[in-house]
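Down below is the structure, laid out as structure tokens.
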Amino acid sequence: MQTDGASGLSILIVLAFIIFTSPYFSKILRIPIAPIEIILGSIAGYLGLIGHNDIFHIVSEVGFFYLMFLAGTEVDLKLFFTIDKKILKAGIVYILILYLLSALLTFGFDLNRLFILIIPIMAVGMIFTLFKEYGREEEWLNIGMLIASIGEVISIILLTFVGAYMKFGTGSELLFSIIYLVGFLIFSMIGFKILNVLFWWYPQLKVILMPYYDNSERDIRLCMALFFSIIALMLYLNLEIAFGAFVAGTFIASFFDHKKDLPHKLASFGFGFLVPTFFVYIGSTFKLSAFMIDGVVKDAALIVGVMIGFRIISSFVFLNILGFKKMILYALSHSMPLTLLIAVATIAHKSGDISEEFYFSCILASLTQAIIVTIGIKIIMGYKNKSLKT
């Protein structure tokens, strides 16, 4: 592994500055912290304060996986068995409409077939950051997280398939990737069933593994052991690590709910160091000079408009359940698949399926969505709060 000493020192200093000052910029500009970290990372990259560094890249990837792990800790798998069937059916119809609209647009205007995957793509990472902002009492946010979890599973399955196809073609490697993915899903479901029965018969095992009061931090140690074990497994199977991290987080939420302070302890570490590092890195990968490349801004605007517009149209299936304002908030919460959109663009660019210009468009679109949506939600929530007061 090669690293540049001066570059590494510069990155550490800039990273320390951004992590410390982001909350203050967020308060002054009234923009959520995540977009601020991305913007500052982009500016630092443009000024040459952050360059290529292998260690920075690795830490940022760990931050992304940890963000997905934290997102998983917000999803109790048992809720899928108790969720209102009306909500579940509406969520499935919502996802189907998204893919249908994307297919019609792609084939109707003869666009790159990747649009069928890009437009409906969902990721819970940024939705989880909304919990930090608005709490866990918002109905639209809880439903948004549940449906986005289903959407992300579908997105990652398709991403794994498309990624394997772009990398290996139609050979045996593609077949093995599909088999490994299906095997992992089956293994996860069997594991859930076994643990559910085991902890039902021996509930004291939960307390043994995660005591209520423990000065050895066994709860954190178990979470980190599970986190790194799942990363190792996904690397061995050559599957999407983010998906494995998310699934691992759901197991923590599903079986160790007696540790009420655990999500806060995990999030404090993540949002204090690893997650900001990921957002800063994402910002630094986008070249501000790309604004001058013909077509980049236009394509980015098209992606943003279509992704947000299609989600609002599809979310009308929730109109009777949430009402109009909450329906819009629900749709917006799904309109910033920052991490997976960048992942799709990166895979497609490396395989040569999209140009560098379109790659920059996807990156710009992902950043723009995060900023527009978070500000939009903040405005609507502010208006809603004022309405409640009056």
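Simple scheme: letters A, B, ... for chains in structure tokens order, numbers from 1 for residues in each chain, numbers from 1 for ligands in the order shown.
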
Notebook entry, point to check: Within 10 Å of A:Ala34, counting only C-alpha atoms, which residues qualify if same-chain residues fewer than 6 places away don't, as a PyMOL selection string?
Noted result: chain A and resi 22-23+26+126+129+271+275-276+278-280+367+370-371+374

With N, CA, C and O atoms retained, write the just-selected residues as a compact mmCIF listing (two decimals), in the first residue's frame.
```txt
# COMPACT_ATOMS: atom_id res chain seq x y z
N SER A 22 -18.24 21.25 10.86
CA SER A 22 -19.48 20.97 10.11
C SER A 22 -20.75 21.29 10.88
O SER A 22 -21.68 21.90 10.32
N PRO A 23 -20.87 20.91 12.16
CA PRO A 23 -22.09 21.25 12.89
C PRO A 23 -22.34 22.75 12.98
O PRO A 23 -23.50 23.20 12.96
N SER A 26 -23.49 23.93 9.62
CA SER A 26 -24.86 23.43 9.47
C SER A 26 -25.86 24.34 10.17
O SER A 26 -26.92 24.65 9.64
N MET A 126 -28.94 7.59 3.95
CA MET A 126 -29.30 8.98 4.19
C MET A 126 -30.62 9.11 4.96
O MET A 126 -30.83 10.08 5.68
N THR A 129 -29.91 9.24 8.53
CA THR A 129 -29.46 10.54 9.03
C THR A 129 -30.66 11.43 9.39
O THR A 129 -30.54 12.33 10.22
N PHE A 271 -21.22 8.69 13.80
CA PHE A 271 -21.44 10.05 13.30
C PHE A 271 -20.41 11.03 13.84
O PHE A 271 -20.38 12.19 13.41
N VAL A 275 -18.56 8.04 9.72
CA VAL A 275 -19.52 8.51 8.71
C VAL A 275 -19.11 9.85 8.12
O VAL A 275 -19.15 10.02 6.88
N PRO A 276 -18.69 10.85 8.93
CA PRO A 276 -18.20 12.10 8.33
C PRO A 276 -17.02 11.89 7.39
O PRO A 276 -16.91 12.57 6.36
N PHE A 278 -16.53 9.35 5.49
CA PHE A 278 -17.11 8.87 4.22
C PHE A 278 -17.68 10.03 3.40
O PHE A 278 -17.42 10.14 2.20
N PHE A 279 -18.45 10.91 4.04
CA PHE A 279 -19.06 12.02 3.31
C PHE A 279 -18.00 12.99 2.78
O PHE A 279 -18.12 13.51 1.66
N VAL A 280 -16.96 13.23 3.55
CA VAL A 280 -15.88 14.11 3.08
C VAL A 280 -15.18 13.49 1.87
O VAL A 280 -14.87 14.18 0.90
N LEU A 367 -25.07 14.27 -5.12
CA LEU A 367 -24.80 15.35 -4.17
C LEU A 367 -25.93 16.37 -4.16
O LEU A 367 -26.37 16.83 -3.10
N ALA A 370 -29.03 15.09 -2.34
CA ALA A 370 -28.88 15.12 -0.88
C ALA A 370 -29.12 16.52 -0.33
O ALA A 370 -29.77 16.69 0.71
N ILE A 371 -28.62 17.53 -1.03
CA ILE A 371 -28.77 18.91 -0.57
C ILE A 371 -30.20 19.40 -0.76
O ILE A 371 -30.83 19.93 0.17
N THR A 374 -32.78 17.31 1.57
CA THR A 374 -32.69 17.60 3.00
C THR A 374 -33.19 19.02 3.31
O THR A 374 -33.85 19.24 4.33
```

Using only C-alpha atoms, which residues sit within 6 Å of stretch 118-123 of chain A once same-chain residues fewer than 3 positions away are excluded, as a PyMOL selection string? chain A and resi 98-99+115+151-152+155+307+337

May I have the selected residues written with N, CA, C and O atoms, as a tab-separated table (two decimals), in the first residue's frame?
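Writing done, so here's out05.tsv:
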```tsv
chain	number	residue	atom	x	y	z
A	98	LEU	N	-42.44	2.56	-9.57
A	98	LEU	CA	-41.14	3.19	-9.82
A	98	LEU	C	-40.38	2.50	-10.95
A	98	LEU	O	-39.86	3.15	-11.86
A	99	TYR	N	-40.32	1.17	-10.88
A	99	TYR	CA	-39.60	0.43	-11.91
A	99	TYR	C	-40.32	0.49	-13.25
A	99	TYR	O	-39.68	0.54	-14.31
A	115	PHE	N	-30.50	3.23	-16.69
A	115	PHE	CA	-31.50	4.10	-16.08
A	115	PHE	C	-32.60	3.29	-15.38
A	115	PHE	O	-33.20	3.75	-14.42
A	151	GLY	N	-36.88	-1.82	-0.72
A	151	GLY	CA	-36.37	-1.29	-1.98
A	151	GLY	C	-34.86	-1.44	-2.10
A	151	GLY	O	-34.35	-1.72	-3.19
A	152	GLU	N	-34.15	-1.29	-0.98
A	152	GLU	CA	-32.70	-1.42	-1.03
A	152	GLU	C	-32.28	-2.86	-1.28
A	152	GLU	O	-31.32	-3.11	-2.02
A	155	SER	N	-32.69	-3.27	-4.84
A	155	SER	CA	-31.65	-2.51	-5.55
A	155	SER	C	-30.31	-3.21	-5.49
A	155	SER	O	-29.59	-3.29	-6.50
A	307	MET	N	-35.84	11.36	-10.77
A	307	MET	CA	-35.86	10.53	-9.56
A	307	MET	C	-36.83	11.08	-8.53
A	307	MET	O	-37.61	10.34	-7.92
A	337	PRO	N	-30.63	8.53	-2.79
A	337	PRO	CA	-29.87	7.27	-2.67
A	337	PRO	C	-28.39	7.50	-2.93
A	337	PRO	O	-27.79	6.91	-3.83
```

Using only C-alpha atoms, the residue out of A:Ala290, A:Gly108, A:Arg311, A:Leu319 with shortest distance to A:Ser361 is A:Ala290

(Q) So that I can check the surroundings of A:Lys287, please list as a PyMOL selection string every protein, DNA and RNA residue that reaches within 10 Å of it, counting only C-alpha atoms and ignoring chain neighbours fewer than 3 positions away. (A) chain A and resi 42-43+45-46+283-284+290-291+360+363-364

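For A:Leu262, the non-local neighbours within 12 Å, defined as residues at least 5 positions apart in the same chain or in other chains and counting only C-alpha atoms, are Leu70, Thr73, Glu74, Met210, Pro211, Tyr212, Tyr213, Glu217, Arg218, Asp219, Ile220, Arg221, Leu222, Cys223, Gly249, Ile252, Ala253, Phe256, Asp257, Ala267, Ser268 and Phe269 of chain A.
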
Note to self: Between atom CA of A:Leu111 and atom CA of A:Ser333, what is the distance in Å, rounded to a tenth?
What the structure shows: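 Atom-to-atom, atom CA of A:Leu111 and atom CA of A:Ser333 are spaced 25.9 Å apart.
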
Nearest to A:Ser10, restricted to only C-alpha atoms and choosing among A:Asn53, A:Thr339, A:Ser254, A:Thr277, comes out as A:Asn53
